[in-house]
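Following: one structure in structure tokens, then a few remarks.
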Amino acid sequence: MNRNIKLAFIASLILNVLLVGVLLGQSPRRFDRGTMRQQRMDQALKDLPEAAQTRLREKFQQLRAAADPIFEQIRKNEDQAVQLLGNEPFDESAYDRQVSKITEMRVEMTKKLSQVVKDASKDLSADERARFAQLLRRPPPPNP
């Protein structure tokens, strides 16, 4: 083997090892969101009476049921935008339309989910609303 092929092989090997490391490092966060969400919910609700815990879990499930289809639509449209970005020749106007569509979907999602949260919060006590708000906050990023 000549020197250039050896260097290319070694560089490829190093990049592949790095890629595997990144994928394995991200996998617990990427694939275990349901468990993390459940742990956060259990922590936030642990000292409430059982009836209040059940009510808040139901409200959170209502929100998830409303949000999941919207998130899935946005993900599909983002995938399409990425596909447009990689097409040859690059169709800038199609890409711009797709990005605008995603932006509109996010605005509509925010409106819809805000209404769901408002409706779900109407019959909660002040303490329950505070706990519900705590559940809706984004968790801090995990420590590396």
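Identifiers for the structure tokens are assigned positionally: chains receive A, B, ... in sequence, residues are indexed from 1 per chain, and ligands are indexed from 1 in the order shown.
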
Could you make a table, as a Markdown table, of the residues of region 44-72 of chain A that have an atom within 10 Å of an atom of region 95-113 of chain A, each with its nearest atom pair and distance in Å to one decimal, counting only C-alpha atoms, in chain and number order?
```
| residue | atom | partner | partner_atom | distance |
| --- | --- | --- | --- | --- |
| A:Leu63 | CA | A:Leu113 | CA | 7.1 |
| A:Arg64 | CA | A:Leu113 | CA | 9.4 |
| A:Ala66 | CA | A:Leu113 | CA | 7.2 |
| A:Ala67 | CA | A:Leu113 | CA | 6.8 |
| A:Ile70 | CA | A:Met109 | CA | 6.6 |
| A:Phe71 | CA | A:Met109 | CA | 8.3 |
```

Next, the residues of the selection above should be written as an mmCIF file, in the first residue's frame with all heavy atoms.
```cif
data_model
loop_
_atom_site.group_PDB
_atom_site.id
_atom_site.type_symbol
_atom_site.label_atom_id
_atom_site.label_comp_id
_atom_site.auth_asym_id
_atom_site.auth_seq_id
_atom_site.Cartn_x
_atom_site.Cartn_y
_atom_site.Cartn_z
ATOM 1 N N LEU A 63 -52.064 17.083 27.100
ATOM 2 C CA LEU A 63 -51.123 17.946 26.389
ATOM 3 C C LEU A 63 -50.256 17.125 25.441
ATOM 4 O O LEU A 63 -50.050 17.502 24.283
ATOM 5 C CB LEU A 63 -50.248 18.705 27.394
ATOM 6 C CG LEU A 63 -49.208 19.646 26.812
ATOM 7 C CD1 LEU A 63 -49.871 20.729 25.978
ATOM 8 C CD2 LEU A 63 -48.378 20.260 27.912
ATOM 9 N N ARG A 64 -49.746 15.993 25.902
ATOM 10 C CA ARG A 64 -48.922 15.140 25.051
ATOM 11 C C ARG A 64 -49.722 14.628 23.853
ATOM 12 O O ARG A 64 -49.219 14.569 22.733
ATOM 13 C CB ARG A 64 -48.358 13.939 25.831
ATOM 14 C CG ARG A 64 -47.385 14.258 26.916
ATOM 15 C CD ARG A 64 -46.119 14.925 26.521
ATOM 16 N NE ARG A 64 -45.487 14.401 25.330
ATOM 17 C CZ ARG A 64 -44.519 15.013 24.669
ATOM 18 N NH1 ARG A 64 -44.068 16.170 25.090
ATOM 19 N NH2 ARG A 64 -43.997 14.490 23.601
ATOM 20 N N ALA A 66 -52.146 16.077 22.368
ATOM 21 C CA ALA A 66 -52.324 17.169 21.406
ATOM 22 C C ALA A 66 -51.008 17.523 20.703
ATOM 23 O O ALA A 66 -51.003 17.880 19.529
ATOM 24 C CB ALA A 66 -52.877 18.405 22.124
ATOM 25 N N ALA A 67 -49.901 17.398 21.430
ATOM 26 C CA ALA A 67 -48.613 17.855 20.897
ATOM 27 C C ALA A 67 -47.933 16.839 19.987
ATOM 28 O O ALA A 67 -47.317 17.223 18.984
ATOM 29 C CB ALA A 67 -47.673 18.196 22.053
ATOM 30 N N ILE A 70 -48.505 17.007 16.172
ATOM 31 C CA ILE A 70 -47.959 18.249 15.613
ATOM 32 C C ILE A 70 -46.441 18.148 15.498
ATOM 33 O O ILE A 70 -45.853 18.509 14.474
ATOM 34 C CB ILE A 70 -48.367 19.458 16.480
ATOM 35 C CG1 ILE A 70 -49.892 19.593 16.500
ATOM 36 C CG2 ILE A 70 -47.720 20.739 15.974
ATOM 37 C CD1 ILE A 70 -50.405 20.594 17.512
ATOM 38 N N PHE A 71 -45.795 17.646 16.558
ATOM 39 C CA PHE A 71 -44.340 17.473 16.514
ATOM 40 C C PHE A 71 -43.942 16.535 15.381
ATOM 41 O O PHE A 71 -42.944 16.762 14.697
ATOM 42 C CB PHE A 71 -43.809 16.930 17.839
ATOM 43 C CG PHE A 71 -43.780 17.946 18.952
ATOM 44 C CD1 PHE A 71 -44.122 17.573 20.240
ATOM 45 C CD2 PHE A 71 -43.405 19.255 18.730
ATOM 46 C CE1 PHE A 71 -44.088 18.492 21.275
ATOM 47 C CE2 PHE A 71 -43.369 20.187 19.754
ATOM 48 C CZ PHE A 71 -43.715 19.793 21.043
#
```

Can you build me a table of region 8-116 of chain A residues sitting at most 10 Å from region 122-131 of chain A, with the closest atom pair per residue and its distance in Å to one decimal, using only C-alpha atoms, sorted by chain and residue number, as a Markdown table?
```
| residue | atom | partner | partner_atom | distance |
| --- | --- | --- | --- | --- |
| A:Met41 | CA | A:Arg131 | CA | 9.2 |
| A:Ala44 | CA | A:Arg131 | CA | 6.4 |
| A:Leu45 | CA | A:Arg131 | CA | 7.0 |
| A:Leu48 | CA | A:Glu128 | CA | 8.6 |
| A:Ala52 | CA | A:Glu128 | CA | 7.1 |
| A:Gln53 | CA | A:Glu128 | CA | 8.7 |
| A:Arg55 | CA | A:Leu124 | CA | 8.4 |
| A:Leu56 | CA | A:Glu128 | CA | 7.2 |
| A:Lys59 | CA | A:Leu124 | CA | 9.6 |
```

Could those selected residues go to a file with N, CA, C and O atoms, as an mmCIF file, in the first residue's frame?
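Printed below is selection.cif as written:
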```
data_model
loop_
_atom_site.group_PDB
_atom_site.id
_atom_site.type_symbol
_atom_site.label_atom_id
_atom_site.label_comp_id
_atom_site.auth_asym_id
_atom_site.auth_seq_id
_atom_site.Cartn_x
_atom_site.Cartn_y
_atom_site.Cartn_z
ATOM 1 N N MET A 41 -41.709 13.883 36.066
ATOM 2 C CA MET A 41 -43.078 13.973 36.546
ATOM 3 C C MET A 41 -43.181 13.389 37.956
ATOM 4 O O MET A 41 -43.791 14.006 38.838
ATOM 5 N N ALA A 44 -41.709 15.848 40.430
ATOM 6 C CA ALA A 44 -42.518 17.057 40.639
ATOM 7 C C ALA A 44 -43.785 16.773 41.433
ATOM 8 O O ALA A 44 -44.281 17.641 42.151
ATOM 9 N N LEU A 45 -44.306 15.557 41.345
ATOM 10 C CA LEU A 45 -45.596 15.244 41.959
ATOM 11 C C LEU A 45 -45.497 14.424 43.234
ATOM 12 O O LEU A 45 -46.523 14.124 43.849
ATOM 13 N N LEU A 48 -47.589 15.345 46.479
ATOM 14 C CA LEU A 48 -48.997 15.716 46.334
ATOM 15 C C LEU A 48 -49.889 14.525 46.693
ATOM 16 O O LEU A 48 -49.472 13.374 46.564
ATOM 17 N N ALA A 52 -54.582 14.466 43.360
ATOM 18 C CA ALA A 52 -53.953 15.574 42.635
ATOM 19 C C ALA A 52 -52.924 15.043 41.637
ATOM 20 O O ALA A 52 -52.822 15.550 40.511
ATOM 21 N N GLN A 53 -52.173 14.022 42.031
ATOM 22 C CA GLN A 53 -51.205 13.421 41.111
ATOM 23 C C GLN A 53 -51.909 12.862 39.876
ATOM 24 O O GLN A 53 -51.470 13.088 38.748
ATOM 25 N N ARG A 55 -54.836 13.715 38.645
ATOM 26 C CA ARG A 55 -55.387 14.815 37.840
ATOM 27 C C ARG A 55 -54.293 15.471 36.995
ATOM 28 O O ARG A 55 -54.485 15.721 35.799
ATOM 29 N N LEU A 56 -53.126 15.722 37.599
ATOM 30 C CA LEU A 56 -52.036 16.353 36.853
ATOM 31 C C LEU A 56 -51.480 15.420 35.775
ATOM 32 O O LEU A 56 -51.146 15.867 34.676
ATOM 33 N N LYS A 59 -53.843 15.660 32.890
ATOM 34 C CA LYS A 59 -53.673 16.923 32.162
ATOM 35 C C LYS A 59 -52.428 16.877 31.285
ATOM 36 O O LYS A 59 -52.447 17.338 30.139
#
```

Quiz item: Per DSSP on the backbone, what are the helix (DSSP H, G or I) residues of chain A, as a PyMOL selection string?
Solution: chain A and resi 3-31+33-45+50-86+92-121+126-136
